[in-house]
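Visitor: Please find one structure pasted underneath; my questions will follow.
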Amino acid sequence: MQPMAGQDLLHTQPRPMHWLATATALSAVVAAASFVQPPDATATTSHGVRAARPAAAPDPARVSFPVNCGPNRLDVVQKVPGDLDGDGTTETVAVVRCHSETGTPPSGVYVLAGPTDGKAAPRIVATLLAPARQLSVRKLTVGNGVISAGLLGYSTLDVPRCCPDVHKDVKWQWKGGKFVQSELPAAMGTQRA
């Protein structure tokens with residue numbers, strides 16, 4: 001005999017145990033689905049955006065530096081990559097000087113950034129030390145957005161160009177949209193005149 005409309009059958013009544021079993025089964029399906037991912041799945045903050053590969057540090061060998069060496073070649077004596085302005089891209093600090101078999105030729109220190117169109121040569125975006133200042137770089141480091149250098153120079157024109165007698169340590173740091181130079185305290189650097 002079939003129940004009449006409005007009558008409920010005892011076995012069709014939802015009981016707390018039915019709800020518990022349904023909730024447990026649903027939780028198991030959701031948990032299992034969170035562990036199963038396609039092999040190329042990546043986490044992103046916005047739909048359809050893939051993380052860009054970081055660009056390589058600019059190569060100083062592809063740059064035409066504003067240094068006149070006459071008949072001598074220009075040497076890149078040091079290159080150090082780093083993110084100097086905190087924008088997530090890598091710049092290169094390059095130390096260059098004219099080739100010489102004797103003496104200590106003056107150095108130029110330049111900051112290079114990648115090309116704007118992706119195919120051109122890297123760009124010089126800052127001159128930290130121009131060769132006209134007649135100083136040479138003896139060491140250069142880059143760390144935490146700070147460029148540190150040990151510089152050698154001459155107190156007078158009478159000092160032989162082989163033997164610099166002025167030594168100082170300086171640093172450059174990106175502040176307010178430009179590189180700001182400061183001299184390190186005397187306790188950290190040495191200066192002899």
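Letters A, B, ... go to the chains of the structure tokens in the order shown; residues in each chain start at 1; ligands are counted from 1 in the same order.
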Name the residues in contact with Ser148 (chain A) at a cut-off of 12 Å, using only C-alpha atoms, excluding same-chain residues fewer than 2 positions from it; report them as a PDB file with all heavy atoms, in the first residue's frame.
Guide:
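This is the output file out.pdb:
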ATOM      1  N   VAL A  80      79.389  43.898 -11.369  1.00  0.00           N
ATOM      2  CA  VAL A  80      78.679  43.303 -10.239  1.00  0.00           C
ATOM      3  C   VAL A  80      77.186  43.536 -10.433  1.00  0.00           C
ATOM      4  O   VAL A  80      76.745  44.681 -10.536  1.00  0.00           O
ATOM      5  CB  VAL A  80      79.142  43.913  -8.898  1.00  0.00           C
ATOM      6  CG1 VAL A  80      78.438  43.239  -7.734  1.00  0.00           C
ATOM      7  CG2 VAL A  80      80.649  43.806  -8.737  1.00  0.00           C
ATOM      8  N   LEU A  84      69.464  47.451  -7.512  1.00  0.00           N
ATOM      9  CA  LEU A  84      69.951  48.634  -6.808  1.00  0.00           C
ATOM     10  C   LEU A  84      68.854  49.606  -6.394  1.00  0.00           C
ATOM     11  O   LEU A  84      69.036  50.377  -5.472  1.00  0.00           O
ATOM     12  CB  LEU A  84      70.974  49.363  -7.690  1.00  0.00           C
ATOM     13  CG  LEU A  84      72.160  48.499  -8.127  1.00  0.00           C
ATOM     14  CD1 LEU A  84      73.033  49.253  -9.109  1.00  0.00           C
ATOM     15  CD2 LEU A  84      72.959  48.043  -6.924  1.00  0.00           C
ATOM     16  N   VAL A  93      76.642  47.076 -12.053  1.00  0.00           N
ATOM     17  CA  VAL A  93      77.600  48.154 -11.795  1.00  0.00           C
ATOM     18  C   VAL A  93      78.882  47.737 -12.504  1.00  0.00           C
ATOM     19  O   VAL A  93      79.415  46.651 -12.256  1.00  0.00           O
ATOM     20  CB  VAL A  93      77.846  48.356 -10.292  1.00  0.00           C
ATOM     21  CG1 VAL A  93      78.836  49.494 -10.064  1.00  0.00           C
ATOM     22  CG2 VAL A  93      76.541  48.619  -9.560  1.00  0.00           C
ATOM     23  N   VAL A 109      82.838  54.461 -13.064  1.00  0.00           N
ATOM     24  CA  VAL A 109      81.888  53.527 -12.472  1.00  0.00           C
ATOM     25  C   VAL A 109      80.501  53.903 -12.986  1.00  0.00           C
ATOM     26  O   VAL A 109      80.056  55.044 -12.802  1.00  0.00           O
ATOM     27  CB  VAL A 109      81.924  53.559 -10.926  1.00  0.00           C
ATOM     28  CG1 VAL A 109      80.914  52.573 -10.343  1.00  0.00           C
ATOM     29  CG2 VAL A 109      83.328  53.251 -10.418  1.00  0.00           C
ATOM     30  N   LEU A 128      78.468  56.991 -11.606  1.00  0.00           N
ATOM     31  CA  LEU A 128      78.803  57.163 -10.195  1.00  0.00           C
ATOM     32  C   LEU A 128      80.173  57.808 -10.024  1.00  0.00           C
ATOM     33  O   LEU A 128      80.389  58.581  -9.090  1.00  0.00           O
ATOM     34  CB  LEU A 128      78.759  55.818  -9.472  1.00  0.00           C
ATOM     35  CG  LEU A 128      77.433  55.051  -9.555  1.00  0.00           C
ATOM     36  CD1 LEU A 128      77.538  53.732  -8.803  1.00  0.00           C
ATOM     37  CD2 LEU A 128      76.283  55.886  -9.022  1.00  0.00           C
ATOM     38  N   VAL A 137      89.383  52.604  -8.823  1.00  0.00           N
ATOM     39  CA  VAL A 137      88.633  51.726  -7.923  1.00  0.00           C
ATOM     40  C   VAL A 137      89.508  50.536  -7.571  1.00  0.00           C
ATOM     41  O   VAL A 137      89.990  49.830  -8.449  1.00  0.00           O
ATOM     42  CB  VAL A 137      87.319  51.258  -8.596  1.00  0.00           C
ATOM     43  CG1 VAL A 137      86.590  50.259  -7.705  1.00  0.00           C
ATOM     44  CG2 VAL A 137      86.427  52.447  -8.908  1.00  0.00           C
ATOM     45  N   ARG A 138      89.724  50.307  -6.282  1.00  0.00           N
ATOM     46  CA  ARG A 138      90.517  49.150  -5.859  1.00  0.00           C
ATOM     47  C   ARG A 138      89.636  47.991  -5.448  1.00  0.00           C
ATOM     48  O   ARG A 138      90.061  46.843  -5.463  1.00  0.00           O
ATOM     49  CB  ARG A 138      91.492  49.516  -4.744  1.00  0.00           C
ATOM     50  CG  ARG A 138      90.868  49.933  -3.447  1.00  0.00           C
ATOM     51  CD  ARG A 138      91.945  50.275  -2.407  1.00  0.00           C
ATOM     52  NE  ARG A 138      91.369  51.045  -1.325  1.00  0.00           N
ATOM     53  CZ  ARG A 138      90.921  50.522  -0.201  1.00  0.00           C
ATOM     54  NH1 ARG A 138      91.003  49.230  -0.008  1.00  0.00           N
ATOM     55  NH2 ARG A 138      90.400  51.297   0.734  1.00  0.00           N
ATOM     56  N   LYS A 139      88.389  48.269  -5.034  1.00  0.00           N
ATOM     57  CA  LYS A 139      87.444  47.196  -4.705  1.00  0.00           C
ATOM     58  C   LYS A 139      86.035  47.739  -4.899  1.00  0.00           C
ATOM     59  O   LYS A 139      85.790  48.944  -4.784  1.00  0.00           O
ATOM     60  CB  LYS A 139      87.640  46.689  -3.272  1.00  0.00           C
ATOM     61  CG  LYS A 139      87.319  47.733  -2.217  1.00  0.00           C
ATOM     62  CD  LYS A 139      87.455  47.185  -0.821  1.00  0.00           C
ATOM     63  CE  LYS A 139      87.114  48.312   0.173  1.00  0.00           C
ATOM     64  NZ  LYS A 139      87.134  47.887   1.536  1.00  0.00           N
ATOM     65  N   LEU A 140      85.117  46.823  -5.211  1.00  0.00           N
ATOM     66  CA  LEU A 140      83.726  47.210  -5.418  1.00  0.00           C
ATOM     67  C   LEU A 140      82.836  46.067  -4.956  1.00  0.00           C
ATOM     68  O   LEU A 140      83.079  44.916  -5.312  1.00  0.00           O
ATOM     69  CB  LEU A 140      83.458  47.499  -6.895  1.00  0.00           C
ATOM     70  CG  LEU A 140      82.028  47.919  -7.219  1.00  0.00           C
ATOM     71  CD1 LEU A 140      81.866  49.424  -7.026  1.00  0.00           C
ATOM     72  CD2 LEU A 140      81.666  47.545  -8.636  1.00  0.00           C
ATOM     73  N   THR A 141      81.829  46.389  -4.154  1.00  0.00           N
ATOM     74  CA  THR A 141      80.865  45.388  -3.717  1.00  0.00           C
ATOM     75  C   THR A 141      79.459  45.964  -3.836  1.00  0.00           C
ATOM     76  O   THR A 141      79.269  47.184  -3.775  1.00  0.00           O
ATOM     77  CB  THR A 141      81.101  44.941  -2.261  1.00  0.00           C
ATOM     78  OG1 THR A 141      81.002  46.079  -1.398  1.00  0.00           O
ATOM     79  CG2 THR A 141      82.455  44.283  -2.089  1.00  0.00           C
ATOM     80  N   VAL A 142      78.492  45.076  -4.012  1.00  0.00           N
ATOM     81  CA  VAL A 142      77.083  45.456  -4.071  1.00  0.00           C
ATOM     82  C   VAL A 142      76.335  44.529  -3.136  1.00  0.00           C
ATOM     83  O   VAL A 142      76.494  43.311  -3.209  1.00  0.00           O
ATOM     84  CB  VAL A 142      76.517  45.330  -5.506  1.00  0.00           C
ATOM     85  CG1 VAL A 142      75.017  45.583  -5.519  1.00  0.00           C
ATOM     86  CG2 VAL A 142      77.226  46.287  -6.445  1.00  0.00           C
ATOM     87  N   GLY A 143      75.536  45.112  -2.248  1.00  0.00           N
ATOM     88  CA  GLY A 143      74.736  44.309  -1.340  1.00  0.00           C
ATOM     89  C   GLY A 143      73.629  45.133  -0.718  1.00  0.00           C
ATOM     90  O   GLY A 143      73.860  46.279  -0.304  1.00  0.00           O
ATOM     91  N   ASN A 144      72.436  44.578  -0.662  1.00  0.00           N
ATOM     92  CA  ASN A 144      71.271  45.250  -0.073  1.00  0.00           C
ATOM     93  C   ASN A 144      71.030  46.628  -0.674  1.00  0.00           C
ATOM     94  O   ASN A 144      70.696  47.582   0.035  1.00  0.00           O
ATOM     95  CB  ASN A 144      71.425  45.366   1.448  1.00  0.00           C
ATOM     96  CG  ASN A 144      71.490  44.011   2.116  1.00  0.00           C
ATOM     97  OD1 ASN A 144      70.806  43.081   1.705  1.00  0.00           O
ATOM     98  ND2 ASN A 144      72.328  43.887   3.125  1.00  0.00           N
ATOM     99  N   GLY A 145      71.234  46.747  -1.979  1.00  0.00           N
ATOM    100  CA  GLY A 145      70.989  48.010  -2.662  1.00  0.00           C
ATOM    101  C   GLY A 145      72.064  49.063  -2.451  1.00  0.00           C
ATOM    102  O   GLY A 145      71.902  50.207  -2.856  1.00  0.00           O
ATOM    103  N   VAL A 146      73.166  48.703  -1.809  1.00  0.00           N
ATOM    104  CA  VAL A 146      74.261  49.645  -1.543  1.00  0.00           C
ATOM    105  C   VAL A 146      75.474  49.241  -2.365  1.00  0.00           C
ATOM    106  O   VAL A 146      75.869  48.074  -2.391  1.00  0.00           O
ATOM    107  CB  VAL A 146      74.635  49.669  -0.043  1.00  0.00           C
ATOM    108  CG1 VAL A 146      75.831  50.570   0.211  1.00  0.00           C
ATOM    109  CG2 VAL A 146      73.444  50.114   0.798  1.00  0.00           C
ATOM    110  N   GLY A 150      86.214  51.107  -2.699  1.00  0.00           N
ATOM    111  CA  GLY A 150      87.455  51.670  -2.181  1.00  0.00           C
ATOM    112  C   GLY A 150      88.124  52.417  -3.320  1.00  0.00           C
ATOM    113  O   GLY A 150      88.326  51.854  -4.396  1.00  0.00           O
ATOM    114  N   LEU A 151      88.413  53.693  -3.115  1.00  0.00           N
ATOM    115  CA  LEU A 151      88.971  54.534  -4.175  1.00  0.00           C
ATOM    116  C   LEU A 151      90.403  54.926  -3.851  1.00  0.00           C
ATOM    117  O   LEU A 151      90.764  55.148  -2.691  1.00  0.00           O
ATOM    118  CB  LEU A 151      88.120  55.796  -4.345  1.00  0.00           C
ATOM    119  CG  LEU A 151      86.635  55.583  -4.643  1.00  0.00           C
ATOM    120  CD1 LEU A 151      85.922  56.926  -4.751  1.00  0.00           C
ATOM    121  CD2 LEU A 151      86.454  54.767  -5.913  1.00  0.00           C
ATOM    122  N   LYS A 168      90.213  56.224   0.073  1.00  0.00           N
ATOM    123  CA  LYS A 168      88.956  56.475   0.782  1.00  0.00           C
ATOM    124  C   LYS A 168      87.907  55.470   0.355  1.00  0.00           C
ATOM    125  O   LYS A 168      87.964  54.911  -0.745  1.00  0.00           O
ATOM    126  CB  LYS A 168      88.476  57.906   0.580  1.00  0.00           C
ATOM    127  CG  LYS A 168      88.143  58.282  -0.849  1.00  0.00           C
ATOM    128  CD  LYS A 168      87.704  59.741  -0.890  1.00  0.00           C
ATOM    129  CE  LYS A 168      87.432  60.200  -2.305  1.00  0.00           C
ATOM    130  NZ  LYS A 168      86.982  61.577  -2.341  1.00  0.00           N
ATOM    131  N   ASP A 169      86.981  55.228   1.253  1.00  0.00           N
ATOM    132  CA  ASP A 169      85.881  54.310   0.996  1.00  0.00           C
ATOM    133  C   ASP A 169      84.592  55.107   0.890  1.00  0.00           C
ATOM    134  O   ASP A 169      84.307  55.968   1.739  1.00  0.00           O
ATOM    135  CB  ASP A 169      85.764  53.269   2.114  1.00  0.00           C
ATOM    136  CG  ASP A 169      86.929  52.299   2.129  1.00  0.00           C
ATOM    137  OD1 ASP A 169      87.457  52.005   1.045  1.00  0.00           O
ATOM    138  OD2 ASP A 169      87.306  51.829   3.212  1.00  0.00           O
ATOM    139  N   VAL A 170      83.824  54.844  -0.156  1.00  0.00           N
ATOM    140  CA  VAL A 170      82.562  55.551  -0.380  1.00  0.00           C
ATOM    141  C   VAL A 170      81.455  54.536  -0.653  1.00  0.00           C
ATOM    142  O   VAL A 170      81.717  53.363  -0.929  1.00  0.00           O
ATOM    143  CB  VAL A 170      82.651  56.539  -1.566  1.00  0.00           C
ATOM    144  CG1 VAL A 170      83.665  57.635  -1.294  1.00  0.00           C
ATOM    145  CG2 VAL A 170      82.967  55.810  -2.860  1.00  0.00           C
ATOM    146  N   LYS A 171      80.232  55.019  -0.565  1.00  0.00           N
ATOM    147  CA  LYS A 171      79.095  54.184  -0.938  1.00  0.00           C
ATOM    148  C   LYS A 171      78.089  55.042  -1.684  1.00  0.00           C
ATOM    149  O   LYS A 171      78.036  56.258  -1.527  1.00  0.00           O
ATOM    150  CB  LYS A 171      78.455  53.513   0.278  1.00  0.00           C
ATOM    151  CG  LYS A 171      77.710  54.463   1.191  1.00  0.00           C
ATOM    152  CD  LYS A 171      77.022  53.709   2.306  1.00  0.00           C
ATOM    153  CE  LYS A 171      76.205  54.669   3.163  1.00  0.00           C
ATOM    154  NZ  LYS A 171      75.431  53.988   4.188  1.00  0.00           N
ATOM    155  N   TRP A 172      77.313  54.364  -2.521  1.00  0.00           N
ATOM    156  CA  TRP A 172      76.212  54.993  -3.244  1.00  0.00           C
ATOM    157  C   TRP A 172      74.956  54.195  -2.927  1.00  0.00           C
ATOM    158  O   TRP A 172      74.986  52.963  -2.900  1.00  0.00           O
ATOM    159  CB  TRP A 172      76.451  54.977  -4.747  1.00  0.00           C
ATOM    160  CG  TRP A 172      77.598  55.801  -5.208  1.00  0.00           C
ATOM    161  CD1 TRP A 172      77.590  57.133  -5.520  1.00  0.00           C
ATOM    162  CD2 TRP A 172      78.934  55.359  -5.469  1.00  0.00           C
ATOM    163  NE1 TRP A 172      78.835  57.535  -5.945  1.00  0.00           N
ATOM    164  CE2 TRP A 172      79.678  56.460  -5.927  1.00  0.00           C
ATOM    165  CE3 TRP A 172      79.575  54.123  -5.357  1.00  0.00           C
ATOM    166  CZ2 TRP A 172      81.024  56.372  -6.265  1.00  0.00           C
ATOM    167  CZ3 TRP A 172      80.911  54.033  -5.694  1.00  0.00           C
ATOM    168  CH2 TRP A 172      81.623  55.145  -6.143  1.00  0.00           C
ATOM    169  N   GLN A 173      73.862  54.919  -2.708  1.00  0.00           N
ATOM    170  CA  GLN A 173      72.591  54.261  -2.433  1.00  0.00           C
ATOM    171  C   GLN A 173      71.478  55.026  -3.131  1.00  0.00           C
ATOM    172  O   GLN A 173      71.503  56.254  -3.211  1.00  0.00           O
ATOM    173  CB  GLN A 173      72.345  54.215  -0.925  1.00  0.00           C
ATOM    174  CG  GLN A 173      71.191  53.330  -0.527  1.00  0.00           C
ATOM    175  CD  GLN A 173      71.207  53.039   0.968  1.00  0.00           C
ATOM    176  OE1 GLN A 173      71.930  53.645   1.741  1.00  0.00           O
ATOM    177  NE2 GLN A 173      70.404  52.082   1.379  1.00  0.00           N
ATOM    178  N   VAL A 180      72.836  58.492  -4.311  1.00  0.00           N
ATOM    179  CA  VAL A 180      73.430  59.473  -3.411  1.00  0.00           C
ATOM    180  C   VAL A 180      74.737  58.888  -2.882  1.00  0.00           C
ATOM    181  O   VAL A 180      74.760  57.766  -2.373  1.00  0.00           O
ATOM    182  CB  VAL A 180      72.470  59.802  -2.248  1.00  0.00           C
ATOM    183  CG1 VAL A 180      73.120  60.766  -1.270  1.00  0.00           C
ATOM    184  CG2 VAL A 180      71.164  60.361  -2.789  1.00  0.00           C
ATOM    185  N   GLN A 181      75.814  59.685  -3.005  1.00  0.00           N
ATOM    186  CA  GLN A 181      77.129  59.232  -2.550  1.00  0.00           C
ATOM    187  C   GLN A 181      77.392  59.740  -1.152  1.00  0.00           C
ATOM    188  O   GLN A 181      77.060  60.871  -0.808  1.00  0.00           O
ATOM    189  CB  GLN A 181      78.228  59.747  -3.487  1.00  0.00           C
ATOM    190  CG  GLN A 181      79.623  59.335  -3.026  1.00  0.00           C
ATOM    191  CD  GLN A 181      80.723  59.915  -3.901  1.00  0.00           C
ATOM    192  OE1 GLN A 181      80.508  60.205  -5.070  1.00  0.00           O
ATOM    193  NE2 GLN A 181      81.900  60.080  -3.341  1.00  0.00           N
ATOM    194  N   SER A 182      77.994  58.879  -0.346  1.00  0.00           N
ATOM    195  CA  SER A 182      78.458  59.302   0.979  1.00  0.00           C
ATOM    196  C   SER A 182      79.785  58.618   1.252  1.00  0.00           C
ATOM    197  O   SER A 182      80.059  57.529   0.747  1.00  0.00           O
ATOM    198  CB  SER A 182      77.427  58.966   2.056  1.00  0.00           C
ATOM    199  OG  SER A 182      77.153  57.587   2.064  1.00  0.00           O
ATOM    200  N   GLU A 183      80.616  59.291   2.026  1.00  0.00           N
ATOM    201  CA  GLU A 183      81.914  58.733   2.371  1.00  0.00           C
ATOM    202  C   GLU A 183      81.754  57.945   3.658  1.00  0.00           C
ATOM    203  O   GLU A 183      81.067  58.381   4.582  1.00  0.00           O
ATOM    204  CB  GLU A 183      82.945  59.848   2.541  1.00  0.00           C
ATOM    205  CG  GLU A 183      84.360  59.347   2.515  1.00  0.00           C
ATOM    206  CD  GLU A 183      85.359  60.464   2.268  1.00  0.00           C
ATOM    207  OE1 GLU A 183      85.074  61.371   1.466  1.00  0.00           O
ATOM    208  OE2 GLU A 183      86.429  60.400   2.893  1.00  0.00           O
ATOM    209  N   LEU A 184      82.366  56.773   3.709  1.00  0.00           N
ATOM    210  CA  LEU A 184      82.281  55.964   4.906  1.00  0.00           C
ATOM    211  C   LEU A 184      83.134  56.597   6.000  1.00  0.00           C
ATOM    212  O   LEU A 184      84.128  57.276   5.711  1.00  0.00           O
ATOM    213  CB  LEU A 184      82.734  54.534   4.610  1.00  0.00           C
ATOM    214  CG  LEU A 184      81.843  53.784   3.610  1.00  0.00           C
ATOM    215  CD1 LEU A 184      82.427  52.423   3.291  1.00  0.00           C
ATOM    216  CD2 LEU A 184      80.440  53.627   4.170  1.00  0.00           C
ATOM    217  N   MET A 188      86.238  53.151   9.187  1.00  0.00           N
ATOM    218  CA  MET A 188      86.016  52.052   8.235  1.00  0.00           C
ATOM    219  C   MET A 188      86.935  52.176   7.038  1.00  0.00           C
ATOM    220  O   MET A 188      87.362  51.197   6.467  1.00  0.00           O
ATOM    221  CB  MET A 188      84.550  52.045   7.780  1.00  0.00           C
ATOM    222  CG  MET A 188      83.592  51.758   8.900  1.00  0.00           C
ATOM    223  SD  MET A 188      81.920  51.693   8.313  1.00  0.00           S
ATOM    224  CE  MET A 188      81.927  50.094   7.535  1.00  0.00           C
ATOM    225  N   GLY A 189      87.224  53.385   6.618  1.00  0.00           N
ATOM    226  CA  GLY A 189      88.091  53.599   5.470  1.00  0.00           C
ATOM    227  C   GLY A 189      89.368  54.266   5.929  1.00  0.00           C
ATOM    228  O   GLY A 189      89.458  54.754   7.040  1.00  0.00           O
TER     229      GLY A 189
END
Visitor: Show me, as a list in words, the residues that have an atom within 7 Å of region 112-119 of chain A when counting only C-alpha atoms, minus same-chain residues fewer than 5 positions from it.
Guide: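 My reading of the contact set: Pro58, Glu91, Thr92, Val93, Ile124 and Val125 of chain A.
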Visitor: Could the residues in this selection be saved with N, CA, C and O atoms as a compact mmCIF listing (two decimals), in the first residue's frame?
Guide:
# COMPACT_ATOMS: atom_id res chain seq x y z
N PRO A 58 72.42 43.19 -17.11
CA PRO A 58 72.96 43.83 -18.32
C PRO A 58 74.45 43.52 -18.50
O PRO A 58 75.22 43.54 -17.54
N GLU A 91 70.28 45.30 -12.11
CA GLU A 91 71.17 46.23 -12.79
C GLU A 91 72.60 45.68 -12.68
O GLU A 91 72.84 44.74 -11.93
N THR A 92 73.52 46.29 -13.40
CA THR A 92 74.94 45.92 -13.31
C THR A 92 75.74 47.18 -13.02
O THR A 92 75.52 48.22 -13.64
N VAL A 93 76.64 47.08 -12.05
CA VAL A 93 77.60 48.15 -11.79
C VAL A 93 78.88 47.74 -12.50
O VAL A 93 79.41 46.65 -12.26
N ILE A 124 73.22 53.03 -19.99
CA ILE A 124 73.88 53.63 -18.83
C ILE A 124 72.84 54.53 -18.18
O ILE A 124 72.35 55.47 -18.80
N VAL A 125 72.46 54.22 -16.93
CA VAL A 125 71.44 55.01 -16.26
C VAL A 125 72.03 55.93 -15.19
O VAL A 125 71.34 56.83 -14.71
Visitor: Taking only C-alpha atoms into account, which of A:Val63, A:Glu101, A:Lys178, A:Gly108 comes nearest Val77 (chain A)?
Guide: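 Looking only at the distances to Val77 (chain A), the closest residue turns out to be A:Gly108.
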Visitor: Near Ala132 (chain A), counting only C-alpha atoms, which residues have an atom at most 8 Å away, once you skip same-chain residues fewer than 2 positions from it, shown as a PyMOL selection string?
Guide: chain A and resi 106+130+134
Visitor: Excluding region 153-162 of chain A and residues on its chain fewer than 6 positions from it, collect all residues at most 9 Å away from it, counting only C-alpha atoms, and give them as a PyMOL selection string.
Guide: chain A and resi 102-106+133-136+168+192-193
Visitor: Could you take the residues named above and write them with N, CA, C and O atoms, as an mmCIF file, in the first residue's frame?
Guide:
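Result file is result_8.cif:
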data_model
loop_
_atom_site.group_PDB
_atom_site.id
_atom_site.type_symbol
_atom_site.label_atom_id
_atom_site.label_comp_id
_atom_site.auth_asym_id
_atom_site.auth_seq_id
_atom_site.Cartn_x
_atom_site.Cartn_y
_atom_site.Cartn_z
ATOM 1 N N THR A 102 101.316 50.258 -17.637
ATOM 2 C CA THR A 102 101.968 50.835 -16.458
ATOM 3 C C THR A 102 101.038 51.863 -15.819
ATOM 4 O O THR A 102 100.106 52.372 -16.436
ATOM 5 N N GLY A 103 101.321 52.182 -14.557
ATOM 6 C CA GLY A 103 100.542 53.201 -13.870
ATOM 7 C C GLY A 103 99.166 52.711 -13.440
ATOM 8 O O GLY A 103 98.819 51.540 -13.573
ATOM 9 N N THR A 104 98.396 53.643 -12.908
ATOM 10 C CA THR A 104 97.040 53.343 -12.444
ATOM 11 C C THR A 104 96.087 54.287 -13.153
ATOM 12 O O THR A 104 95.874 55.418 -12.708
ATOM 13 N N PRO A 105 95.524 53.876 -14.288
ATOM 14 C CA PRO A 105 94.620 54.767 -15.004
ATOM 15 C C PRO A 105 93.334 55.014 -14.207
ATOM 16 O O PRO A 105 92.912 54.152 -13.429
ATOM 17 N N PRO A 106 92.729 56.186 -14.378
ATOM 18 C CA PRO A 106 91.496 56.478 -13.649
ATOM 19 C C PRO A 106 90.351 55.570 -14.098
ATOM 20 O O PRO A 106 90.304 55.122 -15.240
ATOM 21 N N ARG A 133 87.604 62.490 -12.710
ATOM 22 C CA ARG A 133 87.910 62.749 -11.290
ATOM 23 C C ARG A 133 89.263 62.182 -10.887
ATOM 24 O O ARG A 133 89.727 62.382 -9.767
ATOM 25 N N GLN A 134 89.903 61.451 -11.801
ATOM 26 C CA GLN A 134 91.264 60.922 -11.599
ATOM 27 C C GLN A 134 91.370 60.014 -10.366
ATOM 28 O O GLN A 134 92.355 60.042 -9.632
ATOM 29 N N LEU A 135 90.346 59.177 -10.152
ATOM 30 C CA LEU A 135 90.371 58.193 -9.071
ATOM 31 C C LEU A 135 90.300 56.794 -9.668
ATOM 32 O O LEU A 135 89.737 56.605 -10.747
ATOM 33 N N SER A 136 90.869 55.842 -8.971
ATOM 34 C CA SER A 136 90.825 54.445 -9.399
ATOM 35 C C SER A 136 90.072 53.630 -8.356
ATOM 36 O O SER A 136 90.141 53.921 -7.161
ATOM 37 N N LYS A 168 90.213 56.224 0.073
ATOM 38 C CA LYS A 168 88.956 56.475 0.782
ATOM 39 C C LYS A 168 87.907 55.470 0.355
ATOM 40 O O LYS A 168 87.964 54.911 -0.745
ATOM 41 N N ARG A 192 94.939 58.705 3.488
ATOM 42 C CA ARG A 192 96.283 59.232 3.728
ATOM 43 C C ARG A 192 96.528 60.329 2.703
ATOM 44 O O ARG A 192 96.245 60.169 1.533
ATOM 45 N N ALA A 193 97.015 61.432 3.174
ATOM 46 C CA ALA A 193 97.277 62.541 2.253
ATOM 47 C C ALA A 193 98.723 62.927 2.240
ATOM 48 O O ALA A 193 99.478 62.656 3.111
#
Visitor: Between CA of Ala57 (chain A) and CA of Ser100 (chain A), what is the distance, to one decimal in Å?
Guide: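 Straight-line distance from CA of Ala57 (chain A) to CA of Ser100 (chain A) works out to 27.5 Å.
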Visitor: How many Å lie between CA of Ser64 (chain A) and CA of Gly177 (chain A), rounded to one decimal?
Guide: 24.0 Å
Visitor: Would you mind listing what lies within 12 Å of Arg73 (chain A) as a count of residues only, with only C-alpha atoms counted and same-chain residues fewer than 5 positions away left out?
Guide: 10
Visitor: Could you tell me which of A:Asp85, A:Pro66, A:Pro71, A:Pro60 comes closest to Gly176 (chain A) if we count only C-alpha atoms?
Guide: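 Nearest candidate to Gly176 (chain A) out of A:Asp85, A:Pro66, A:Pro71, A:Pro60: A:Asp85.
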Visitor: Tell me, which residues of region 87-141 of chain A carry DSSP strand (DSSP E or B), written as an NGL selection string?
Guide: :A and (91-98 or 107-113 or 123-129 or 136-141)
Visitor: Could those residues be written to a file, using C-alpha atoms, as a tab-separated table (two decimals), in the first residue's frame?
Guide:
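And here's result38.tsv as it stands now:
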chain	number	residue	atom	x	y	z
A	91	GLU	CA	71.17	46.23	-12.79
A	92	THR	CA	74.94	45.92	-13.31
A	93	VAL	CA	77.60	48.15	-11.79
A	94	ALA	CA	80.56	48.28	-14.19
A	95	VAL	CA	84.06	49.58	-13.49
A	96	VAL	CA	85.92	50.55	-16.65
A	97	ARG	CA	89.29	52.12	-17.45
A	98	CYS	CA	91.59	52.59	-20.37
A	107	SER	CA	88.31	54.43	-13.43
A	108	GLY	CA	84.75	55.10	-14.42
A	109	VAL	CA	81.89	53.53	-12.47
A	110	TYR	CA	78.56	53.19	-14.29
A	111	VAL	CA	75.16	51.68	-13.49
A	112	LEU	CA	73.64	49.75	-16.39
A	113	ALA	CA	70.00	48.80	-16.86
A	123	ARG	CA	71.64	51.57	-21.10
A	124	ILE	CA	73.88	53.63	-18.83
A	125	VAL	CA	71.44	55.01	-16.26
A	126	ALA	CA	73.95	56.61	-13.85
A	127	THR	CA	77.58	57.68	-13.74
A	128	LEU	CA	78.80	57.16	-10.19
A	129	LEU	CA	82.43	58.03	-10.84
A	136	SER	CA	90.83	54.44	-9.40
A	137	VAL	CA	88.63	51.73	-7.92
A	138	ARG	CA	90.52	49.15	-5.86
A	139	LYS	CA	87.44	47.20	-4.70
A	140	LEU	CA	83.73	47.21	-5.42
A	141	THR	CA	80.86	45.39	-3.72
